[in-house]
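S.K.: Structure file my_file-v2.txt (compact mmCIF, C-alpha atoms and all ligand atoms) right here:
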# COMPACT_ATOMS: atom_id res chain seq x y z
CA MET A 77 -3.75 21.70 -10.99
CA ILE A 78 -3.99 22.43 -7.29
CA ILE A 79 -5.37 25.41 -5.43
CA VAL A 80 -3.66 26.06 -2.11
CA MET A 81 -5.97 27.80 0.36
CA LYS A 82 -4.60 30.31 2.87
CA GLN A 83 -3.89 29.15 6.38
CA GLY A 84 -7.13 29.57 8.33
CA ALA A 85 -9.30 30.04 5.20
CA GLU A 86 -13.01 29.91 6.03
CA ARG A 87 -15.13 26.88 5.15
CA ALA A 88 -17.26 29.18 2.96
CA ASP A 89 -14.13 30.20 1.01
CA VAL A 90 -13.34 26.55 0.29
CA GLU A 91 -16.93 25.90 -0.71
CA GLY A 92 -16.85 28.92 -3.03
CA VAL A 93 -13.79 27.61 -4.86
CA VAL A 94 -15.23 24.09 -5.11
CA LYS A 95 -18.45 25.51 -6.58
CA ARG A 96 -16.51 27.51 -9.17
CA VAL A 97 -14.45 24.45 -10.20
CA GLU A 98 -17.61 22.37 -10.56
CA GLU A 99 -19.27 25.11 -12.62
CA LEU A 100 -16.34 24.83 -15.02
CA GLY A 101 -17.10 21.10 -15.32
CA TYR A 102 -14.35 19.52 -13.23
CA LYS A 103 -14.23 17.23 -10.21
CA VAL A 104 -12.37 18.26 -7.06
CA HIS A 105 -10.41 16.23 -4.53
CA LEU A 106 -10.10 17.96 -1.17
CA SER A 107 -7.13 17.44 1.11
CA ARG A 108 -7.77 19.04 4.48
CA GLY A 109 -4.46 19.26 6.29
CA GLU A 110 -3.98 20.56 9.81
CA ALA A 111 -2.54 23.83 8.53
CA ARG A 112 -4.34 24.37 5.24
CA THR A 113 -6.70 22.90 2.68
CA ILE A 114 -5.50 21.90 -0.78
CA ILE A 115 -7.99 21.55 -3.60
CA GLY A 116 -6.89 19.18 -6.35
CA ILE A 117 -8.45 19.38 -9.80
CA ILE A 118 -7.87 16.76 -12.43
CA GLY A 119 -7.88 17.87 -16.03
CA ALA A 120 -7.05 20.69 -18.41
CA ASP A 121 -4.73 22.94 -16.42
CA GLU A 122 -4.41 25.62 -19.09
CA HIS A 123 -8.14 26.06 -19.47
CA LEU A 124 -8.76 26.13 -15.73
CA MET A 125 -5.91 28.51 -14.99
CA SER A 126 -7.15 31.04 -17.51
CA GLN A 127 -10.89 30.61 -16.95
CA GLY A 128 -10.94 30.10 -13.21
CA SER A 129 -9.40 33.37 -11.93
CA PHE A 130 -9.04 31.50 -8.67
CA GLU A 131 -6.26 33.76 -7.37
CA VAL A 132 -8.70 36.61 -6.77
CA MET A 133 -11.14 34.46 -4.82
CA ASP A 134 -11.41 34.78 -1.03
CA GLY A 135 -9.15 32.50 0.96
CA VAL A 136 -6.98 31.42 -2.02
CA GLU A 137 -3.22 31.65 -1.55
CA LYS A 138 -2.03 30.37 -4.93
CA THR A 139 -2.68 28.01 -7.80
CA MET A 140 -0.06 25.55 -8.99
CA ARG A 141 0.37 23.12 -11.83
CA VAL A 142 1.36 19.61 -10.74
CA MET A 143 4.18 18.83 -13.14
CA GLN A 144 4.28 15.07 -12.51
CA PRO A 145 1.89 12.87 -14.51
CA TYR A 146 0.54 11.52 -11.22
CA LYS A 147 -1.48 14.18 -9.41
CA LEU A 148 -3.42 12.87 -6.42
CA ALA A 149 -0.50 10.61 -5.47
CA SER A 150 1.91 13.55 -5.54
CA ARG A 151 3.42 15.25 -2.50
CA ASP A 152 2.19 18.55 -3.94
CA PHE A 153 -1.36 17.37 -3.36
CA SER A 154 -0.78 16.70 0.33
CA HIS A 155 2.22 17.86 2.29
CA GLU A 156 1.07 15.79 5.22
CA ASP A 157 1.61 12.04 5.21
CA THR A 158 -1.51 9.98 4.54
CA VAL A 159 -2.29 7.76 7.49
CA ILE A 160 -4.52 4.75 6.80
CA ASP A 161 -6.52 3.34 9.68
CA VAL A 162 -7.18 -0.39 9.56
CA ARG A 163 -9.33 -1.43 12.53
CA GLY A 164 -7.32 0.87 14.79
CA VAL A 165 -3.88 0.11 13.28
CA ALA A 166 -2.44 3.32 11.79
CA ILE A 167 -0.28 2.79 8.69
CA GLY A 168 1.84 5.81 7.78
CA GLY A 169 2.07 7.26 11.28
CA PRO A 170 5.06 7.37 13.65
CA LYS A 171 4.80 3.67 14.54
CA ILE A 172 6.15 1.21 11.97
CA VAL A 173 3.51 -1.44 11.29
CA VAL A 174 4.52 -5.06 10.76
CA MET A 175 2.30 -7.32 8.64
CA ALA A 176 3.32 -10.95 8.88
CA GLY A 177 2.10 -14.43 8.01
CA PRO A 178 2.52 -17.19 5.48
CA CYS A 179 2.73 -16.74 1.74
CA SER A 180 -0.35 -18.99 1.38
CA VAL A 181 -3.06 -19.96 3.80
CA GLU A 182 -2.65 -23.76 3.98
CA SER A 183 -5.24 -24.77 6.58
CA ARG A 184 -7.41 -23.36 9.37
CA GLU A 185 -5.07 -24.65 12.10
CA MET A 186 -1.94 -23.37 10.38
CA ILE A 187 -3.20 -19.81 9.87
CA ILE A 188 -4.64 -19.54 13.39
CA GLU A 189 -1.43 -20.90 14.93
CA THR A 190 0.69 -18.52 12.86
CA ALA A 191 -1.55 -15.58 13.73
CA HIS A 192 -1.08 -16.20 17.47
CA MET A 193 2.69 -16.48 17.05
CA ILE A 194 3.18 -13.34 14.98
CA LYS A 195 0.92 -11.41 17.34
CA ALA A 196 2.98 -12.53 20.34
CA ALA A 197 6.09 -11.25 18.52
CA GLY A 198 4.53 -7.81 17.96
CA ALA A 199 3.04 -7.93 14.44
CA THR A 200 -0.28 -6.08 14.17
CA ILE A 201 -1.63 -7.26 10.79
CA LEU A 202 -1.93 -10.85 9.51
CA ARG A 203 -1.11 -11.67 5.89
CA GLY A 204 -1.94 -14.81 3.93
CA GLY A 205 -2.74 -15.60 0.31
CA ALA A 206 -5.97 -17.37 -0.63
CA PHE A 207 -5.78 -16.56 -4.37
CA LYS A 208 -2.18 -17.10 -5.43
CA PRO A 209 -0.55 -15.73 -8.61
CA ARG A 210 1.78 -18.68 -9.33
CA SER A 211 4.25 -18.74 -12.24
CA SER A 212 3.06 -22.26 -13.08
CA PRO A 213 -0.57 -23.31 -13.56
CA TYR A 214 0.43 -26.67 -12.03
CA SER A 215 1.53 -25.12 -8.71
CA PHE A 216 -0.81 -24.70 -5.72
CA GLN A 217 -3.21 -21.88 -6.59
CA GLY A 218 -4.48 -21.13 -3.08
CA LEU A 219 -7.48 -22.35 -1.09
CA GLY A 220 -9.80 -19.67 -2.51
CA GLU A 221 -12.86 -18.88 -0.41
CA ALA A 222 -11.97 -21.47 2.24
CA GLY A 223 -8.66 -19.63 2.70
CA LEU A 224 -10.54 -16.34 3.17
CA ARG A 225 -12.78 -17.97 5.79
CA PHE A 226 -9.77 -19.32 7.70
CA LEU A 227 -8.15 -15.86 7.63
CA ALA A 228 -11.34 -14.36 9.05
CA GLU A 229 -11.33 -17.02 11.78
CA ALA A 230 -7.72 -16.13 12.61
CA ARG A 231 -8.78 -12.47 12.87
CA GLU A 232 -11.60 -13.50 15.17
CA ALA A 233 -9.20 -15.52 17.33
CA THR A 234 -6.49 -12.84 17.61
CA GLY A 235 -8.10 -9.48 16.80
CA LEU A 236 -5.48 -8.92 14.05
CA PRO A 237 -6.76 -7.22 10.88
CA ILE A 238 -6.05 -9.21 7.70
CA ILE A 239 -4.60 -8.55 4.26
CA THR A 240 -4.94 -10.86 1.28
CA GLU A 241 -4.47 -10.66 -2.47
CA VAL A 242 -7.23 -10.04 -4.99
CA MET A 243 -6.22 -11.18 -8.48
CA SER A 244 -9.27 -10.37 -10.54
CA THR A 245 -12.16 -7.91 -10.72
CA ASP A 246 -14.47 -10.95 -10.52
CA ASP A 247 -13.20 -11.67 -7.00
CA ILE A 248 -13.41 -8.16 -5.49
CA GLU A 249 -16.81 -8.70 -3.96
CA LEU A 250 -15.93 -12.06 -2.44
CA VAL A 251 -12.51 -11.01 -1.12
CA GLY A 252 -14.06 -7.77 0.16
CA GLU A 253 -16.50 -9.74 2.31
CA TYR A 254 -13.54 -11.00 4.34
CA THR A 255 -10.44 -8.84 4.00
CA ASP A 256 -9.52 -5.56 5.70
CA ILE A 257 -6.92 -4.64 3.05
CA PHE A 258 -6.90 -5.64 -0.63
CA GLN A 259 -3.43 -6.66 -1.82
CA VAL A 260 -2.61 -6.10 -5.50
CA GLY A 261 0.30 -8.34 -6.45
CA ALA A 262 3.33 -7.43 -8.55
CA ARG A 263 1.90 -9.25 -11.58
CA ASN A 264 -1.25 -7.12 -11.46
CA THR A 265 0.20 -3.68 -10.77
CA GLN A 266 -0.65 -2.60 -14.31
CA ASN A 267 -3.98 -4.42 -14.53
CA TYR A 268 -5.88 -1.19 -15.05
CA SER A 269 -9.35 -2.75 -14.96
CA LEU A 270 -8.56 -4.18 -11.52
CA LEU A 271 -7.13 -0.84 -10.34
CA LYS A 272 -10.16 1.09 -11.62
CA ALA A 273 -12.51 -1.31 -9.82
CA LEU A 274 -10.50 -0.92 -6.61
CA GLY A 275 -10.91 2.84 -6.95
CA LYS A 276 -14.57 2.25 -6.19
CA VAL A 277 -14.16 0.16 -3.03
CA ARG A 278 -14.11 1.66 0.44
CA LYS A 279 -11.26 -0.38 1.84
CA PRO A 280 -7.49 0.22 1.77
CA VAL A 281 -5.45 -1.10 -1.15
CA PHE A 282 -1.89 -2.38 -0.78
CA LEU A 283 -0.26 -1.89 -4.16
CA LYS A 284 2.94 -3.77 -4.97
CA ARG A 285 5.54 -2.48 -7.38
CA GLY A 286 5.51 -4.40 -10.67
CA ILE A 287 8.14 -7.05 -11.35
CA SER A 288 9.95 -4.71 -13.74
CA GLY A 289 8.03 -1.64 -12.66
CA LYS A 290 9.47 1.85 -12.56
CA ILE A 291 8.73 4.17 -9.65
CA GLU A 292 6.69 6.41 -11.92
CA GLU A 293 4.66 3.43 -13.15
CA LEU A 294 3.90 2.46 -9.56
CA LEU A 295 2.71 5.99 -8.80
CA MET A 296 0.59 6.05 -11.97
CA SER A 297 -1.01 2.77 -10.90
CA ALA A 298 -1.80 4.33 -7.53
CA GLU A 299 -3.28 7.28 -9.42
CA TYR A 300 -5.80 4.94 -11.08
CA ILE A 301 -7.13 3.92 -7.66
CA LEU A 302 -7.03 7.44 -6.19
CA SER A 303 -8.74 9.03 -9.18
CA GLY A 304 -11.58 6.54 -8.79
CA GLY A 305 -12.23 8.02 -5.34
CA ASN A 306 -10.40 5.58 -3.05
CA MET A 307 -7.73 7.61 -1.23
CA GLN A 308 -6.54 4.72 0.95
CA VAL A 309 -3.59 3.39 -1.02
CA MET A 310 -0.21 2.17 0.24
CA LEU A 311 2.81 1.54 -1.98
CA CYS A 312 4.99 -1.54 -1.58
CA GLU A 313 8.61 -2.02 -2.65
CA ARG A 314 9.03 -5.79 -3.20
CA GLY A 315 12.15 -5.95 -5.34
CA ILE A 316 12.52 -5.66 -9.08
CA ARG A 317 13.96 -7.86 -11.80
CA THR A 318 17.51 -6.89 -12.74
CA TYR A 319 20.43 -8.68 -14.44
CA GLU A 320 21.35 -10.16 -11.03
CA THR A 321 20.21 -13.73 -10.55
CA ALA A 322 21.96 -14.55 -7.26
CA THR A 323 18.82 -13.38 -5.48
CA ARG A 324 15.18 -13.79 -6.56
CA ASN A 325 14.79 -10.02 -7.03
CA THR A 326 16.84 -6.92 -6.30
CA PHE A 327 15.37 -4.98 -3.40
CA ASP A 328 15.47 -1.31 -4.38
CA ILE A 329 16.28 0.53 -1.18
CA ASN A 330 16.29 3.84 -3.12
CA ALA A 331 12.57 3.45 -3.68
CA ILE A 332 11.74 4.05 -0.02
CA PRO A 333 13.08 7.58 0.51
CA LEU A 334 12.24 8.50 -3.08
CA LEU A 335 8.58 7.44 -2.77
CA LYS A 336 8.35 9.29 0.56
CA GLU A 337 9.62 12.42 -1.21
CA LEU A 338 7.41 12.11 -4.30
CA SER A 339 4.22 10.98 -2.57
CA HIS A 340 2.22 11.36 0.65
CA LEU A 341 1.11 7.71 0.56
CA PRO A 342 2.44 5.20 3.11
CA VAL A 343 5.37 3.06 1.94
CA VAL A 344 5.66 -0.62 2.82
CA SER A 345 8.72 -2.85 2.30
CA ASP A 346 8.62 -6.56 1.52
CA PRO A 347 12.11 -8.01 2.04
CA ALA A 348 10.92 -11.62 1.52
CA HIS A 349 9.93 -11.22 -2.14
CA GLY A 350 12.68 -8.59 -2.47
CA THR A 351 15.38 -11.20 -1.81
CA GLY A 352 13.85 -14.68 -1.99
CA MET A 353 16.22 -15.81 0.80
CA TRP A 354 15.17 -16.04 4.45
CA ASN A 355 18.69 -15.21 5.66
CA LEU A 356 18.59 -11.85 3.84
CA VAL A 357 15.15 -10.89 5.15
CA GLY A 358 16.42 -9.54 8.50
CA PRO A 359 19.25 -7.37 7.14
CA ILE A 360 17.02 -5.92 4.39
CA ALA A 361 14.15 -5.33 6.85
CA LYS A 362 16.58 -3.34 9.03
CA ALA A 363 17.83 -1.38 6.02
CA ALA A 364 14.23 -0.59 5.04
CA VAL A 365 13.44 0.70 8.53
CA ALA A 366 16.57 2.84 8.47
CA ALA A 367 15.58 4.18 5.03
CA GLY A 368 12.18 5.35 6.30
CA THR A 369 9.66 2.63 5.51
CA ASP A 370 6.26 3.03 7.21
CA ALA A 371 5.56 -0.69 7.37
CA LEU A 372 7.07 -4.11 6.69
CA MET A 373 5.49 -7.19 5.17
CA ILE A 374 7.27 -10.37 6.26
CA GLU A 375 6.52 -13.99 5.36
CA VAL A 376 6.41 -16.24 8.44
CA HIS A 377 5.62 -19.96 8.33
CA PRO A 378 5.44 -22.41 11.25
CA ASP A 379 7.56 -24.88 9.25
CA PRO A 380 9.13 -23.18 6.19
CA LYS A 381 10.66 -26.43 4.88
CA ARG A 382 7.14 -27.73 4.32
CA ALA A 383 5.57 -24.50 3.02
CA TRP A 384 3.36 -24.82 -0.05
CA SER A 385 4.82 -21.60 -1.47
CA ASP A 386 7.80 -19.33 -0.76
CA GLY A 387 9.30 -21.47 2.01
CA ALA A 388 12.84 -20.39 1.10
CA GLN A 389 12.10 -16.78 1.98
CA SER A 390 9.91 -17.42 5.04
CA LEU A 391 11.05 -16.96 8.62
CA THR A 392 10.20 -19.40 11.39
CA PRO A 393 8.14 -17.78 14.18
CA GLU A 394 11.24 -17.91 16.41
CA LYS A 395 13.43 -16.11 13.88
CA PHE A 396 10.65 -13.60 13.32
CA ALA A 397 10.38 -12.85 17.05
CA LYS A 398 14.15 -12.35 17.23
CA LEU A 399 14.05 -9.99 14.25
CA MET A 400 11.25 -7.94 15.82
CA ASN A 401 13.52 -7.28 18.80
CA GLU A 402 16.48 -6.42 16.59
CA LEU A 403 14.39 -3.91 14.64
CA LYS A 404 13.58 -1.83 17.75
CA PRO A 405 16.93 0.00 18.09
CA VAL A 406 17.04 0.58 14.31
CA ALA A 407 13.61 2.20 14.43
CA ALA A 408 14.61 4.26 17.46
CA ALA A 409 17.74 5.47 15.64
CA VAL A 410 15.54 7.07 12.95
CA GLY A 411 13.02 8.46 15.43
CA ARG A 412 10.40 5.76 14.97
CA GLU A 413 8.89 3.02 17.06
CA ILE A 414 8.13 -0.55 16.03
C1 LIG A 501 2.90 -12.47 -2.08
O1 LIG A 501 2.82 -11.45 -1.36
O2 LIG A 501 2.87 -13.64 -1.65
C2 LIG A 501 3.13 -12.28 -3.54
C3 LIG A 501 2.70 -13.15 -4.43
O3 LIG A 501 3.84 -11.17 -3.81
P1 LIG A 501 4.29 -10.48 -5.21
O4 LIG A 501 3.04 -10.05 -5.86
O5 LIG A 501 5.16 -9.35 -4.73
O6 LIG A 501 5.07 -11.51 -5.97
MN MN A 502 4.83 -15.11 -1.31
For the file at hand, write its structure as structure tokens.
M.R.:
Amino acid sequence: MIIVMKQGAERADVEGVVKRVEELGYKVHLSRGEARTIIGIIGADEHLMSQGSFEVMDGVEKTMRVMQPYKLASRDFSHEDTVIDVRGVAIGGPKIVVMAGPCSVESREMIIETAHMIKAAGATILRGGAFKPRSSPYSFQGLGEAGLRFLAEAREATGLPIITEVMSTDDIELVGEYTDIFQVGARNTQNYSLLKALGKVRKPVFLKRGISGKIEELLMSAEYILSGGNMQVMLCERGIRTYETATRNTFDINAIPLLKELSHLPVVSDPAHGTGMWNLVGPIAKAAVAAGTDALMIEVHPDPKRAWSDGAQSLTPEKFAKLMNELKPVAAAVGREI
């Protein structure tokens, strides 16, 4: 249930409502927008609606049930877009953020070189996997802590914030010592112990859509993190498994405007995993910008032919720089900047 406060309601009015909710034994989540404050309450709507008598309290405009199973992730909870600040880079604001870098961190030199090149092309966040969720246990599993250290060195060298995947609750502390954003991969989107633990951290979480995940399942996974108290969650469309095998996955362009409608959380698009083919990355990145994505995640490798993972879907730094220029007029056409 949510309680919508009147425009210009006093702080004391908000505090009065919060106190009443807590007296009834529930936890509140406050969303202070520019125009009005919304008070979200998780739990028994019927009981609260009848017991609370919130409508007669000072400063209250109305109470509403949130019909969707996800509550804090819902647009009803916050009409304003959530903007996540990562070391001064705003994700979810008017400027489209580009996160780029290799699928896997392969060496110190390689990640630092790539970081300089993507920065020169206009990317503002560096990606790179140190713990890799590979389909085969015999494939390269990532450099682990050394990879995290090299990412941090690349941040030091370029000033770019970093994002990297955390695969297990056991690794949250270690990854958290280095990363600016925790990435949850498609294979872990419904790992509820991991999501619950990430609800307790104080760093942004980048949540990928599951391999066969429905939109509602993605939003419910976000709800796990939000309900734990971490409100800094972004949702990533990275393609889903369909009957089509001509491409690695089927990038679901519908997801972008739909997620923007259903939720206030920033939406990111990953055309590399969404297609699996480097030559489709540019066209799908442009389509995602046109459809309203808040950010892009793009795999860039200094020499894709020799990449240890996902070379076929990685752009060379030159191709990436060219794409960045081509994205500018597309962003401008939808009233955004890149
Ligand atoms: C990745 O970003 O390299 C990755 C493994 O992505 P996904 O979880 O979408 O497969
Ligand atoms: Mn990858």
S.K.: Of the candidates A:Pro170, A:Pro342, A:Gly261, A:Gly119, which one gets nearest to Val410 (chain A) if we count only C-alpha atoms?
M.R.: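 Among the listed residues, A:Pro170 lies closest to Val410 (chain A).
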S.K.: Which is closer to ligand MN 502 (chain A) than all the others in A:Thr321, A:Gln308, A:Thr240, A:Ser269, using all atoms listed in the file?
M.R.: A:Thr240
S.K.: Go through A:Tyr319, A:Val162, A:Arg314, A:Ser183 one by one, measure the shortest atom-to-atom distance of each to Thr255 (chain A) using all atoms listed in the file, and give the residue with the smallest value.
M.R.: A:Val162
S.K.: If the limit is 7 Å from any atom of ligand LIG 501 (chain A), counting all atoms listed in the file, which residues qualify? Return them as a PDB file with C-alpha atoms, in the frame of the given file.
M.R.:
ATOM      1  CA  CYS A 179       2.730 -16.740   1.740  1.00  0.00           C
ATOM      2  CA  SER A 180      -0.350 -18.990   1.380  1.00  0.00           C
ATOM      3  CA  GLY A 205      -2.740 -15.600   0.310  1.00  0.00           C
ATOM      4  CA  LYS A 208      -2.180 -17.100  -5.430  1.00  0.00           C
ATOM      5  CA  PRO A 209      -0.550 -15.730  -8.610  1.00  0.00           C
ATOM      6  CA  VAL A 260      -2.610  -6.100  -5.500  1.00  0.00           C
ATOM      7  CA  GLY A 261       0.300  -8.340  -6.450  1.00  0.00           C
ATOM      8  CA  ALA A 262       3.330  -7.430  -8.550  1.00  0.00           C
ATOM      9  CA  ARG A 263       1.900  -9.250 -11.580  1.00  0.00           C
ATOM     10  CA  LYS A 284       2.940  -3.770  -4.970  1.00  0.00           C
ATOM     11  CA  ARG A 314       9.030  -5.790  -3.200  1.00  0.00           C
ATOM     12  CA  HIS A 349       9.930 -11.220  -2.140  1.00  0.00           C
TER      13      HIS A 349
END
S.K.: Residues within 12 Å of ligand MN 502 (chain A) (all atoms listed in the file), as number ranges by chain?
M.R.: A: 176-181, 203-211, 216-218, 240-241, 259, 261-262, 314, 324, 346-354, 373-377, 380, 383-391
S.K.: Nearest to Val242 (chain A): which of A:Pro359, A:Gly286, A:Gly275, A:Gly220 is it, counting all atoms listed in the file?
M.R.: A:Gly220
S.K.: For a quick check of understanding, using all atoms listed in the file, which of A:Met125, A:Leu250, A:Val281, A:Ala273 has the smallest distance to Thr139 (chain A)?
M.R.: A:Met125
S.K.: For CA of Ile329 (chain A) and CA of Gly315 (chain A), determine how far apart the two atoms are, in Å to one decimal place.
M.R.: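 Taking CA of Ile329 (chain A) as the start and CA of Gly315 (chain A) as the end point, the length is 8.7 Å.
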S.K.: Nearest residue to Ile118 (chain A) out of A:Ser212, A:Gln83, A:Asp89, A:Ile78, using all atoms listed in the file?
M.R.: A:Ile78
S.K.: Would you pick out the contacts of Val97 (chain A) at 12 Å or less, using all atoms listed in the file, so that residues sharing its chain but fewer than 5 positions from it are not included, and give the list as a VMD selection string?
M.R.: chain A and resid 77 to 79 90 to 92 102 to 106 115 to 121 123 to 125 127 to 130 133
